[in-house]
Structures are given as C-alpha cells and as structure tokens.
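Trainee: Here you go, target_31.txt (compact mmCIF, C-alpha atoms):
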# COMPACT_ATOMS: atom_id res chain seq x y z
CA MET A 514 0.00 0.00 0.00
CA SER A 515 1.54 3.36 -1.06
CA GLU A 516 0.78 6.92 -0.01
CA PRO A 517 -2.28 6.43 2.19
CA LEU A 518 -3.90 9.52 3.65
CA VAL A 519 -2.87 8.61 7.21
CA SER A 520 -0.19 6.38 8.70
CA LEU A 521 -1.37 5.23 12.11
CA LEU A 522 1.48 4.22 14.45
CA VAL A 523 0.64 1.75 17.23
CA PRO A 524 3.53 1.04 19.65
CA ILE A 525 2.98 -2.33 21.33
CA TYR A 526 4.55 -4.06 24.31
CA ASN A 527 2.79 -6.86 26.25
CA VAL A 528 -0.78 -5.53 25.93
CA GLU A 529 -2.68 -8.69 25.02
CA ASN A 530 -5.56 -7.76 27.34
CA TYR A 531 -6.31 -4.51 25.50
CA LEU A 532 -4.89 -4.93 22.02
CA ARG A 533 -7.94 -6.23 20.17
CA GLN A 534 -10.09 -3.33 21.34
CA CYS A 535 -7.36 -0.96 20.15
CA LEU A 536 -6.85 -2.57 16.74
CA ASP A 537 -10.60 -2.98 16.15
CA SER A 538 -10.99 0.77 16.56
CA ALA A 539 -8.26 1.29 13.94
CA ARG A 540 -9.66 -1.26 11.49
CA ASN A 541 -13.18 0.20 11.65
CA GLN A 542 -12.26 3.83 11.05
CA THR A 543 -14.61 5.69 8.72
CA LEU A 544 -11.50 7.07 6.99
CA GLU A 545 -10.49 3.92 5.17
CA ASP A 546 -7.41 5.07 3.23
CA ILE A 547 -4.97 4.43 6.06
CA GLU A 548 -2.09 2.17 6.95
CA VAL A 549 -1.74 0.75 10.45
CA ILE A 550 1.88 0.23 11.47
CA CYS A 551 2.10 -1.95 14.58
CA ILE A 552 5.54 -1.70 16.20
CA ASN A 553 6.07 -4.73 18.41
CA ASP A 554 8.74 -3.86 20.96
CA GLY A 555 9.80 -7.40 21.86
CA SER A 556 6.52 -8.48 23.48
CA THR A 557 6.66 -11.77 25.36
CA ASP A 558 2.88 -12.31 25.53
CA SER A 559 0.44 -13.06 22.70
CA SER A 560 0.54 -9.52 21.27
CA PRO A 561 2.54 -10.49 18.13
CA ASP A 562 0.08 -13.30 17.35
CA ILE A 563 -2.85 -10.89 17.69
CA ILE A 564 -1.17 -8.46 15.28
CA ARG A 565 -0.68 -11.27 12.77
CA GLU A 566 -4.40 -12.06 12.94
CA TYR A 567 -5.22 -8.52 11.84
CA MET A 568 -2.54 -8.59 9.13
CA ALA A 569 -4.05 -11.77 7.71
CA GLU A 570 -7.52 -10.21 7.57
CA ASP A 571 -6.66 -6.66 6.47
CA PRO A 572 -3.80 -5.66 4.12
CA ARG A 573 -3.67 -2.19 5.67
CA PHE A 574 -2.04 -3.69 8.79
CA GLN A 575 1.69 -4.31 9.00
CA MET A 576 4.10 -5.14 11.79
CA ILE A 577 7.58 -3.99 12.63
CA ASP A 578 8.87 -6.77 14.88
CA LYS A 579 11.95 -5.80 16.85
CA ALA A 580 13.86 -6.58 20.02
CA ASN A 581 12.83 -4.56 23.05
CA SER A 582 14.50 -1.14 22.84
CA GLY A 583 11.89 1.22 24.26
CA TYR A 584 9.08 3.53 23.21
CA GLY A 585 11.21 6.20 21.57
CA ALA A 586 13.01 3.73 19.31
CA SER A 587 9.70 2.11 18.39
CA MET A 588 8.10 5.40 17.43
CA ASN A 589 11.09 6.50 15.37
CA MET A 590 11.02 3.22 13.44
CA GLY A 591 7.33 3.78 12.81
CA LEU A 592 7.98 7.32 11.55
CA GLU A 593 10.65 6.01 9.19
CA ALA A 594 8.31 3.36 7.77
CA ALA A 595 5.29 5.63 7.37
CA GLN A 596 4.11 6.49 3.84
CA GLY A 597 1.02 8.59 4.61
CA LYS A 598 0.51 12.30 4.14
CA TYR A 599 -0.31 12.49 7.84
CA ILE A 600 0.87 10.69 10.98
CA ALA A 601 -1.46 9.61 13.79
CA ILE A 602 -0.61 7.74 16.99
CA LEU A 603 -2.70 5.24 18.94
CA GLU A 604 -1.40 3.77 22.19
CA SER A 605 -2.11 0.05 22.36
CA ASP A 606 -4.21 0.20 25.54
CA ASP A 607 -6.41 3.03 24.22
CA TYR A 608 -8.99 3.07 21.44
CA PHE A 609 -10.37 5.55 18.92
CA GLU A 610 -13.82 6.82 18.23
CA LEU A 611 -14.66 5.34 14.84
CA ASP A 612 -14.64 8.72 13.08
CA ALA A 613 -11.51 9.98 14.85
CA LEU A 614 -9.12 9.96 11.90
CA GLU A 615 -11.73 11.36 9.53
CA LYS A 616 -12.39 14.33 11.83
CA LEU A 617 -8.68 15.02 12.23
CA TYR A 618 -7.99 14.62 8.50
CA ARG A 619 -10.89 16.84 7.38
CA ALA A 620 -9.80 19.54 9.83
CA ALA A 621 -6.20 19.43 8.59
CA GLU A 622 -7.19 19.56 4.95
CA SER A 623 -9.68 22.39 5.47
CA CYS A 624 -6.96 24.88 6.46
CA ASP A 625 -3.65 23.28 5.44
CA ALA A 626 -2.68 22.72 9.08
CA GLN A 627 0.63 21.20 10.11
CA VAL A 628 -0.93 19.81 13.30
CA VAL A 629 -4.51 19.21 14.43
CA LYS A 630 -5.18 18.72 18.15
CA ALA A 631 -8.38 17.29 19.68
CA ASN A 632 -9.93 16.43 23.03
CA PHE A 633 -10.28 12.90 24.43
CA TRP A 634 -12.06 10.77 27.03
CA MET A 635 -10.51 9.57 30.28
CA TYR A 636 -11.53 5.91 30.24
CA TRP A 637 -11.91 3.26 32.94
CA SER A 638 -12.98 -0.31 32.19
CA LYS A 639 -13.21 -1.45 35.84
CA PRO A 640 -15.48 -2.12 37.61
CA GLU A 641 -17.51 -1.05 34.55
CA ASP A 642 -16.96 1.14 31.49
CA ARG A 643 -16.75 4.83 32.36
CA ASN A 644 -15.73 7.81 30.25
CA GLU A 645 -15.15 11.37 31.38
CA PRO A 646 -14.36 14.10 28.83
CA PHE A 647 -10.94 15.74 29.16
CA LYS A 648 -11.45 19.28 27.90
CA LEU A 649 -7.94 20.13 26.82
CA VAL A 650 -9.11 22.21 23.84
CA THR A 651 -11.43 25.04 24.88
CA LYS A 652 -13.95 26.90 22.77
CA GLU A 653 -11.67 29.95 22.70
CA MET A 654 -8.81 27.89 21.25
CA SER A 655 -10.77 25.98 18.62
CA GLY A 656 -11.93 26.63 15.09
CA ARG A 657 -9.06 28.80 13.83
CA LEU A 658 -5.42 28.51 12.82
CA VAL A 659 -3.00 29.22 15.67
CA ASN A 660 0.72 29.89 15.84
CA PRO A 661 1.68 28.11 19.10
CA GLN A 662 4.81 30.21 19.52
CA VAL A 663 2.62 33.31 19.73
CA GLU A 664 -0.32 31.79 21.63
CA THR A 665 1.60 29.53 23.99
CA ASP A 666 -1.22 28.03 26.08
CA ILE A 667 -0.92 24.66 24.34
CA PHE A 668 2.60 24.16 25.76
CA TYR A 669 1.20 23.95 29.30
CA LEU A 670 -1.46 21.34 28.60
CA LYS A 671 -1.19 17.57 28.87
CA PRO A 672 1.08 16.34 26.02
CA SER A 673 -1.41 13.66 24.80
CA ILE A 674 0.38 13.27 21.45
CA TRP A 675 -2.14 10.57 20.47
CA SER A 676 -5.07 13.00 20.26
CA ALA A 677 -3.52 14.75 17.27
CA LEU A 678 -2.65 14.47 13.59
CA TYR A 679 0.70 15.60 12.12
CA ARG A 680 1.78 16.37 8.58
CA ARG A 681 4.52 13.85 7.88
CA ASP A 682 6.55 16.33 5.81
CA PHE A 683 6.31 18.84 8.67
CA LEU A 684 7.87 16.32 11.08
CA GLU A 685 10.55 15.31 8.57
CA ASP A 686 11.49 18.84 7.48
CA ASN A 687 12.00 19.89 11.11
CA GLY A 688 13.76 16.73 12.25
CA ILE A 689 11.13 16.03 14.90
CA ARG A 690 11.77 12.62 16.41
CA PHE A 691 11.52 10.89 19.77
CA LEU A 692 14.30 10.63 22.34
CA GLU A 693 15.57 7.05 22.33
CA THR A 694 16.30 6.07 25.92
CA PRO A 695 15.92 2.31 26.53
CA GLY A 696 13.65 1.55 29.44
CA ALA A 697 12.54 5.18 29.81
CA SER A 698 9.04 6.62 29.94
CA PHE A 699 7.30 9.93 29.24
CA GLN A 700 9.03 10.14 25.85
CA ASP A 701 6.07 12.01 24.44
CA SER A 702 7.18 15.13 26.35
CA SER A 703 10.10 16.30 24.22
CA PHE A 704 8.35 15.23 20.99
CA ASN A 705 5.35 17.32 22.00
CA PHE A 706 7.54 20.33 22.81
CA LYS A 707 9.35 20.15 19.46
CA VAL A 708 6.02 20.06 17.63
CA TRP A 709 4.66 23.21 19.28
CA ALA A 710 8.05 24.95 19.14
CA THR A 711 8.15 24.43 15.38
CA ALA A 712 4.55 24.52 14.11
CA THR A 713 3.16 27.82 12.85
CA ARG A 714 -0.17 26.46 11.56
CA ALA A 715 -1.97 24.48 14.29
CA TYR A 716 -5.70 23.82 14.41
CA TYR A 717 -7.61 22.69 17.51
CA ILE A 718 -10.97 20.89 17.61
CA GLN A 719 -13.15 20.21 20.63
CA ASP A 720 -14.32 16.73 19.61
CA GLU A 721 -13.32 13.83 21.89
CA ILE A 722 -11.66 11.40 19.49
CA LEU A 723 -9.98 8.83 21.76
CA HIS A 724 -10.52 6.83 24.96
CA TYR A 725 -7.41 7.18 27.16
CA ARG A 726 -7.22 4.20 29.51
CA GLN A 727 -6.61 4.90 33.20
CA ASP A 728 -6.66 1.37 34.64
CA ASN A 729 -3.65 -0.29 33.03
CA GLU A 730 -1.50 -1.20 36.03
CA SER A 731 1.65 -1.48 33.89
CA SER A 732 1.31 2.04 32.52
CA SER A 733 4.39 4.23 32.96
CA VAL A 734 2.40 6.76 34.96
CA ASN A 735 2.01 4.04 37.61
CA SER A 736 5.73 3.26 37.75
CA PRO A 737 7.67 4.89 40.62
CA SER A 738 10.86 3.37 39.19
CA LYS A 739 10.82 5.90 36.34
CA VAL A 740 11.96 8.66 38.69
CA TYR A 741 14.25 10.70 36.44
CA CYS A 742 12.83 9.98 32.97
CA VAL A 743 11.15 13.40 32.88
CA CYS A 744 14.56 14.98 33.51
CA ASP A 745 15.94 13.28 30.39
CA GLU A 746 13.05 14.70 28.36
CA TYR A 747 13.70 18.25 29.53
CA ALA A 748 17.40 17.83 28.79
CA GLU A 749 16.35 16.91 25.25
CA MET A 750 14.24 20.09 25.05
CA ASP A 751 17.30 22.06 26.15
CA ARG A 752 19.33 20.40 23.39
CA PHE A 753 16.65 21.24 20.82
CA LEU A 754 16.56 24.90 21.84
CA ALA A 755 20.36 25.09 21.81
CA ASP A 756 20.28 23.81 18.22
CA HIS A 757 17.64 26.44 17.34
CA PRO A 758 18.88 29.72 18.85
CA GLU A 759 16.14 31.61 17.00
CA LYS A 760 13.69 29.99 19.44
CA ALA A 761 15.50 31.18 22.58
CA SER A 762 12.36 32.99 23.80
CA LEU A 763 10.72 29.59 24.34
CA LYS A 764 13.22 28.72 27.09
CA ALA A 765 11.06 30.59 29.63
CA VAL A 766 8.02 28.65 28.39
CA GLU A 767 9.95 25.40 28.83
CA GLU A 768 10.88 26.34 32.42
CA LYS A 769 7.24 26.96 33.31
CA MET A 770 6.32 23.60 31.75
CA LYS A 771 9.18 21.98 33.63
CA TYR A 772 7.96 23.24 37.01
CA ASP A 773 4.51 21.71 36.47
CA THR A 774 5.92 18.44 35.13
CA TYR A 775 8.46 18.07 37.91
CA MET A 776 5.82 18.84 40.52
CA TRP A 777 3.51 16.23 38.98
CA ASN A 778 6.35 13.70 39.02
CA TYR A 779 7.19 14.56 42.65
CA GLU A 780 3.57 14.15 43.78
CA ARG A 781 3.19 10.70 42.16
CA LEU A 782 6.28 9.22 43.83
CA THR A 783 6.44 7.42 47.16
CA GLU A 784 8.89 7.96 50.00
CA PRO A 785 11.91 8.06 49.89
CA LEU A 786 11.84 8.71 46.13
CA ARG A 787 9.96 11.98 46.64
CA ARG A 788 12.67 13.31 48.94
CA GLU A 789 15.36 12.20 46.49
CA PHE A 790 13.65 13.81 43.49
CA ILE A 791 12.88 17.13 45.19
CA VAL A 792 16.62 17.71 45.71
CA ARG A 793 17.23 17.22 41.97
CA PHE A 794 14.24 19.49 41.29
CA ALA A 795 15.74 22.28 43.42
CA GLU A 796 19.23 21.90 41.95
CA GLU A 797 18.02 22.26 38.37
CA PHE A 798 15.87 25.31 39.10
CA LYS A 799 18.67 27.01 41.04
CA ARG A 800 20.95 26.48 38.05
CA ASP A 801 18.35 27.69 35.54
CA THR A 802 17.40 30.72 37.67
CA GLU A 803 21.04 31.77 38.02
CA SER A 804 21.39 31.42 34.24
CA GLY A 805 18.46 33.78 33.72
CA PHE A 806 16.19 31.20 32.10
CA VAL A 807 13.31 31.31 34.62
CA ASP A 808 10.78 34.12 34.06
CA LEU A 809 8.81 34.29 37.30
CA THR A 810 6.38 36.84 35.82
CA ILE A 811 4.66 34.04 33.87
CA PHE A 812 4.31 31.78 36.94
CA ASP A 813 1.10 31.69 38.98
CA PRO A 814 1.69 33.53 42.31
CA TRP A 815 1.43 30.43 44.51
CA LYS A 816 3.81 28.51 42.26
CA LYS A 817 6.28 31.37 42.46
CA ASP A 818 6.11 31.20 46.28
CA ASP A 819 6.49 27.41 46.32
CA LEU A 820 9.47 27.61 43.97
CA ALA A 821 11.22 30.11 46.26
CA VAL A 822 10.88 27.77 49.28
CA LEU A 823 11.81 24.74 47.19
CA MET A 824 15.04 26.28 45.90
CA ASP A 825 15.98 27.66 49.31
CA ASP A 826 15.41 24.42 51.25
CA PRO A 827 14.05 21.41 49.31
CA ILE A 828 13.88 19.13 52.36
CA LEU A 829 11.86 21.72 54.30
CA PHE A 830 9.57 22.08 51.29
CA HIS A 831 9.17 18.30 51.23
CA ALA A 832 8.42 18.14 54.97
CA GLN A 833 5.77 20.84 54.61
CA ARG A 834 4.16 18.94 51.74
CA GLU A 835 4.14 15.73 53.79
CA SER A 836 2.33 17.46 56.64
CA PRO A 837 -1.50 17.63 56.34
CA ILE A 838 -2.95 21.15 56.34
CA GLU A 839 -5.09 20.45 59.42
CA GLU A 840 -2.16 19.07 61.42
CA GLY A 841 -1.22 21.16 64.48
CA TYR A 842 2.12 22.95 64.58
CA ALA A 843 3.52 20.73 67.34
CA LYS A 844 2.74 17.60 65.31
CA LYS A 845 4.31 19.22 62.27
CA LEU A 846 7.54 19.74 64.20
CA VAL A 847 7.54 16.08 65.25
CA ARG A 848 7.08 15.11 61.61
CA PHE A 849 9.91 17.44 60.59
CA TYR A 850 12.15 15.87 63.23
CA ARG A 851 11.49 12.40 61.81
CA ILE A 852 12.27 13.59 58.28
CA GLY A 853 15.34 15.73 58.92
CA GLY A 854 16.28 15.69 62.60
CA PRO A 855 16.90 18.74 64.84
CA ALA A 856 18.43 20.77 61.99
CA LEU A 857 15.22 20.62 59.96
CA VAL A 858 13.12 21.55 63.00
CA PHE A 859 15.32 24.61 63.53
CA ARG A 860 15.02 25.60 59.86
CA ALA A 861 11.23 25.20 59.99
CA ILE A 862 10.95 27.44 63.04
CA TRP A 863 13.32 30.02 61.52
CA HIS A 864 11.34 29.98 58.26
CA LYS A 865 8.09 30.59 60.18
CA ILE A 866 9.61 33.49 62.12
CA THR A 867 11.24 35.20 59.15
CA ARG A 868 8.80 34.67 56.31
Go through the file and emit its structure as structure tokens.
Mentor:
Amino acid sequence: MSEPLVSLLVPIYNVENYLRQCLDSARNQTLEDIEVICINDGSTDSSPDIIREYMAEDPRFQMIDKANSGYGASMNMGLEAAQGKYIAILESDDYFELDALEKLYRAAESCDAQVVKANFWMYWSKPEDRNEPFKLVTKEMSGRLVNPQVETDIFYLKPSIWSALYRRDFLEDNGIRFLETPGASFQDSSFNFKVWATATRAYYIQDEILHYRQDNESSSVNSPSKVYCVCDEYAEMDRFLADHPEKASLKAVEEKMKYDTYMWNYERLTEPLRREFIVRFAEEFKRDTESGFVDLTIFDPWKKDDLAVLMDDPILFHAQRESPIEEGYAKKLVRFYRIGGPALVFRAIWHKITR
C-alpha cells in the first residue's frame, strides 16, 4: 500500500488484554485510506500473534517486529516506515472513536494545518466502562489557525500526542523525532515540545476522538521506578533549543512547563523517592534561575512562592508537603524531626519566624 492519507502508528509491548479493542478501533475507522503500522517492541505475551491475525484479515495492517529497545526507538522506526501524508498515533491500551481519523484529517485539509489537536475521554474499564471528557481544547482555542509560539497556552497542557494528527513532511522537514532512551518513559514530552516549538499552523478541535485508559496497572504513569525519565526529556528540550537559537524565547516557556511536570512527578512518587527527586528538582531550578532562564512573571503567584521555598530548602519544602494542612504545629515539628532531625526543626521554626 503506497501513499495512504494517514499512517497510524501503534507502539505495542505486552498488551494482550487490551490490544484487540485498540486494533478494532483502527480497522473500523470511517476514513479507510490508512495504513496501520504496529511496532512490536519485543513483546513476550500473545501480542505479536494478535497483530498477525489482523494482518491476515486486512492488508492495511503491517508489523515492525523488533527486540525490546523502548518507546522512543519504536516510534522513530514507525515514523521512518510511514508512507502517509499524515501521521497519527494510537497507544495500544487506548482506542479511537470510529470517526476519529476522519475528523482530524478533514480539519487538517480544510486549512492546510501542520498539526490538528483534539480532546479525548478519560476511560476506565473497571469495575464497569466509564468515560469522562478531558477538555484540553477550549472553545476559545478551537476553530481557527494558531501559531503556538505566539499563543503559547498549548505548551502547558497535557502532552497527549495521540489526540492529534501531524503532517509527515512537517515532522521530517523539522527533524522532529523521539528521544531514544531504553527503558525510559514519558518520551512524548520532548516530541510534543518540538512540535509546538516548530509549528506555525496548528488547528484545535473540541471533539473527543480517543478513549485514554486509566486502569492499566503497567502504565508508565504508575511506575515509581521511572523517577528521572522526565529529567531526560527536559534535557532533550534544552538540546533542541540550543540547536535552534532563533527559538530562545521559548526557554522561559519550557521552564514553566518543567515546574509543572516536575511537581507532577514529585507528587506521584512514594517515599523516599519523593525526597530524592525534590533535591534534583531544586538543583536544576537554582541552576536555571542563576542562568536567567526562569521568568517568574509568567508563573502563577502560589507557584512562584512554592518555587522560592523549594530552591531555598528542598527538604523543608518536602516536609511541609508531607504534613497535612489540618495538622497542628507541634505535630508538624515532630514530623519534621522524623524527616530531617533537629536541623530541619530549627530551619522550619526560623522559616516561620522570618517569612
């Protein structure tokens, strides 16, 4: 099959429980002129056999079968194999609305967009099917061409690279690829940043086009072991901006994104990983602030205050976060003692007196 309208990339690793629902939603798309590139990243379950079933029944399906080397490598192999005018992405534990690709394609063609971005459903299958709309695209954002480097709101929203459509020549001309870090997660982050840092013709639609699964226990968002993967992604963004000095103004945007992402990562971790990560968090922001990269005028006031405490004393910040709001001050001091000993108690008292 040559030059389909859309190349749909499906990265796959040990998802036999969800894969048929995913691939059924691809096979039954109302936009039929597509190719479905399944990238099997060394699965050890029945996923490869399931892919072969679909290949036998539908010539639009193909498989790249490779040794396990991670999400970024899988996606880059898919991009290299793609022949379509547009690229779409479908995670193998999610599934599309049946008119998803048609809506994205029609929107892109209507205004010659480089990228089209849509809303999606947060989806749970247990104890019963439940969908809640995730309103990433607002009415104010939708229905018109946008230059993301001028209207930067999209940078601060959930990456969700799978609720979008990309011109393949746009990705190729700008060298937009995934960071290949074996065993890493969150590799959509730097890809997403490069897209918005490069696109000048983006179009947003409010339709929910995909069901984003929340109850896959093996999902990377449920993996405390992936502590520093987000740091690798932001280092890749730094590299990209260094290679494109004409985009230096986006460094402040990246720092604001980084604060939110690092805080999200911190909040999802368990002890003692939270304490370990918050020190790295503080070190990077101290360095970036001293280098003049952090523009506090674009931070929300409470985030600006939190960042000041965090950079000054990350362990005190951590102890304060660990202490419930309703907890009395004496109990807080006991908690601080357990976390950091007498020195932390002294710092907490001094901070309260001097703030």
Trainee: List every protein, DNA or RNA residue that has an atom no more than 12 Å from (-9.8, 21.5, 8.3) in the file's coordinate frame, counting all atoms listed in the file, and report them as a list in words.
Mentor: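 Result, sorted by chain then residue number: Glu615, Lys616, Leu617, Tyr618, Arg619, Ala620, Ala621, Glu622, Ser623, Cys624, Asp625, Ala626, Gln627, Val628, Val629, Lys630, Ser655, Gly656, Arg657, Leu658, Leu678, Arg714, Ala715, Tyr716, Tyr717 and Ile718 of chain A.
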Trainee: Report, in Å with one decimal, the straight-line distance from atom CA of A:Lys579 to atom CA of A:Arg533.
Mentor: 20.2 Å
Trainee: Work out how far apart atom CA of A:Val549 and atom CA of A:Leu521 are and give it in Å to one decimal.
Mentor: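 Answer for the atom CA of A:Val549 to atom CA of A:Leu521 separation: 4.8 Å.
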Trainee: Could you check how far atom CA of A:Ile577 sits from atom CA of A:Leu614, in Å to one decimal?
Mentor: 21.8 Å
Trainee: Determine, counting only C-alpha atoms, every residue of protein, DNA or RNA that lies within 8 Å of (10.1, 19.8, 23.0) in the file coordinates, then give the result as a list in words.
Mentor: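 Those residues, ordered by chain and then number, are Ser702, Ser703, Phe704, Asn705, Phe706, Lys707, Val708, Trp709, Ala710, Glu746, Tyr747, Glu749, Met750 and Phe753 of chain A.
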Trainee: Using only C-alpha atoms, can you tell me which of A:Pro524, A:Pro695, A:Gly805, A:Pro855 comes closest to A:Asn581?
Mentor: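 Checking each candidate against A:Asn581, we get A:Pro695 as the closest.
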Trainee: Return the single residue from A:Asn687, A:Ser638, A:Ser804, A:Gln662 that is closest to A:Gln727, with distances computed using all atoms listed in the file.
Mentor: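 Under the stated criterion, the closest residue is A:Ser638.
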Trainee: For A:Ser698, find every residue with an atom within 8 Å (counting all atoms listed in the file), except residues of its own chain fewer than 4 positions away, and show them as a ChimeraX atom specification.
Mentor: /A:584,733,739,742-743
Trainee: Of the residues A:Leu809, A:Ala748, A:Leu829, A:Met770, which is the one nearest to A:Arg788, using only C-alpha atoms?
Mentor: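 Closest residue, counting only C-alpha atoms: A:Leu829.
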Trainee: Counting only C-alpha atoms, which of A:Ser605, A:Asn553, A:Ser673, A:Thr711 gets nearest to A:Asp537?
Mentor: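 Between A:Ser605, A:Asn553, A:Ser673, A:Thr711, the residue approaching A:Asp537 most closely is A:Ser605.
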Trainee: If we count only C-alpha atoms, what is near A:Glu789 at a cut-off of 10 Å, once residues fewer than 4 positions away on the same chain are taken out, given as a ChimeraX atom specification?
Mentor: /A:740,779,782,784-785,793-794,827-828,831
Trainee: Restricting the calculation to all atoms listed in the file, which member of A:Thr774, A:Thr694, A:Ser587, A:Thr651 is positioned closest to A:Leu522?
Mentor: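 For A:Leu522, the nearest of the candidates is A:Ser587.
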Trainee: Please fill the gaps in stretch 807-824 of chain A so it has N, CA, C and O atoms, and write that as a PDB file, in the coordinates of the input.
Mentor:
ATOM      1  N   VAL A 807      14.622  31.397  33.966  1.00  0.00           N
ATOM      2  CA  VAL A 807      13.310  31.310  34.620  1.00  0.00           C
ATOM      3  C   VAL A 807      12.680  32.701  34.675  1.00  0.00           C
ATOM      4  O   VAL A 807      13.243  33.622  35.272  1.00  0.00           O
ATOM      5  N   ASP A 808      11.525  32.853  34.049  1.00  0.00           N
ATOM      6  CA  ASP A 808      10.780  34.120  34.060  1.00  0.00           C
ATOM      7  C   ASP A 808       9.624  33.972  35.047  1.00  0.00           C
ATOM      8  O   ASP A 808       8.566  33.433  34.714  1.00  0.00           O
ATOM      9  N   LEU A 809       9.820  34.454  36.260  1.00  0.00           N
ATOM     10  CA  LEU A 809       8.810  34.290  37.300  1.00  0.00           C
ATOM     11  C   LEU A 809       7.531  35.073  37.024  1.00  0.00           C
ATOM     12  O   LEU A 809       6.492  34.797  37.616  1.00  0.00           O
ATOM     13  N   THR A 810       7.578  36.034  36.115  1.00  0.00           N
ATOM     14  CA  THR A 810       6.380  36.840  35.820  1.00  0.00           C
ATOM     15  C   THR A 810       5.307  36.018  35.128  1.00  0.00           C
ATOM     16  O   THR A 810       4.140  36.416  35.124  1.00  0.00           O
ATOM     17  N   ILE A 811       5.674  34.879  34.529  1.00  0.00           N
ATOM     18  CA  ILE A 811       4.660  34.040  33.870  1.00  0.00           C
ATOM     19  C   ILE A 811       4.203  32.885  34.760  1.00  0.00           C
ATOM     20  O   ILE A 811       3.376  32.082  34.348  1.00  0.00           O
ATOM     21  N   PHE A 812       4.740  32.801  35.985  1.00  0.00           N
ATOM     22  CA  PHE A 812       4.310  31.780  36.940  1.00  0.00           C
ATOM     23  C   PHE A 812       3.092  32.269  37.711  1.00  0.00           C
ATOM     24  O   PHE A 812       2.971  33.460  38.020  1.00  0.00           O
ATOM     25  N   ASP A 813       2.189  31.345  38.071  1.00  0.00           N
ATOM     26  CA  ASP A 813       1.100  31.690  38.980  1.00  0.00           C
ATOM     27  C   ASP A 813       1.711  32.092  40.330  1.00  0.00           C
ATOM     28  O   ASP A 813       2.755  31.546  40.728  1.00  0.00           O
ATOM     29  N   PRO A 814       1.089  33.033  41.053  1.00  0.00           N
ATOM     30  CA  PRO A 814       1.690  33.530  42.310  1.00  0.00           C
ATOM     31  C   PRO A 814       2.050  32.441  43.304  1.00  0.00           C
ATOM     32  O   PRO A 814       3.127  32.476  43.916  1.00  0.00           O
ATOM     33  N   TRP A 815       1.149  31.460  43.513  1.00  0.00           N
ATOM     34  CA  TRP A 815       1.430  30.430  44.510  1.00  0.00           C
ATOM     35  C   TRP A 815       2.564  29.500  44.051  1.00  0.00           C
ATOM     36  O   TRP A 815       3.325  28.997  44.873  1.00  0.00           O
ATOM     37  N   LYS A 816       2.706  29.317  42.755  1.00  0.00           N
ATOM     38  CA  LYS A 816       3.810  28.510  42.260  1.00  0.00           C
ATOM     39  C   LYS A 816       5.137  29.249  42.431  1.00  0.00           C
ATOM     40  O   LYS A 816       6.168  28.647  42.727  1.00  0.00           O
ATOM     41  N   LYS A 817       5.094  30.548  42.252  1.00  0.00           N
ATOM     42  CA  LYS A 817       6.280  31.370  42.460  1.00  0.00           C
ATOM     43  C   LYS A 817       6.738  31.261  43.915  1.00  0.00           C
ATOM     44  O   LYS A 817       7.939  31.109  44.196  1.00  0.00           O
ATOM     45  N   ASP A 818       5.776  31.313  44.856  1.00  0.00           N
ATOM     46  CA  ASP A 818       6.110  31.200  46.280  1.00  0.00           C
ATOM     47  C   ASP A 818       6.673  29.813  46.602  1.00  0.00           C
ATOM     48  O   ASP A 818       7.663  29.688  47.336  1.00  0.00           O
ATOM     49  N   ASP A 819       6.015  28.776  46.067  1.00  0.00           N
ATOM     50  CA  ASP A 819       6.490  27.410  46.320  1.00  0.00           C
ATOM     51  C   ASP A 819       7.897  27.208  45.766  1.00  0.00           C
ATOM     52  O   ASP A 819       8.742  26.559  46.402  1.00  0.00           O
ATOM     53  N   LEU A 820       8.157  27.765  44.579  1.00  0.00           N
ATOM     54  CA  LEU A 820       9.470  27.610  43.970  1.00  0.00           C
ATOM     55  C   LEU A 820      10.556  28.269  44.812  1.00  0.00           C
ATOM     56  O   LEU A 820      11.665  27.740  44.953  1.00  0.00           O
ATOM     57  N   ALA A 821      10.239  29.412  45.412  1.00  0.00           N
ATOM     58  CA  ALA A 821      11.220  30.110  46.260  1.00  0.00           C
ATOM     59  C   ALA A 821      11.596  29.251  47.457  1.00  0.00           C
ATOM     60  O   ALA A 821      12.791  29.118  47.787  1.00  0.00           O
ATOM     61  N   VAL A 822      10.601  28.643  48.131  1.00  0.00           N
ATOM     62  CA  VAL A 822      10.880  27.770  49.280  1.00  0.00           C
ATOM     63  C   VAL A 822      11.639  26.536  48.824  1.00  0.00           C
ATOM     64  O   VAL A 822      12.616  26.106  49.456  1.00  0.00           O
ATOM     65  N   LEU A 823      11.209  25.975  47.703  1.00  0.00           N
ATOM     66  CA  LEU A 823      11.810  24.740  47.190  1.00  0.00           C
ATOM     67  C   LEU A 823      13.294  24.942  46.893  1.00  0.00           C
ATOM     68  O   LEU A 823      14.127  24.109  47.267  1.00  0.00           O
ATOM     69  N   MET A 824      13.632  26.040  46.239  1.00  0.00           N
ATOM     70  CA  MET A 824      15.040  26.280  45.900  1.00  0.00           C
ATOM     71  C   MET A 824      15.871  26.606  47.141  1.00  0.00           C
ATOM     72  O   MET A 824      17.043  26.233  47.221  1.00  0.00           O
TER      73      MET A 824
END
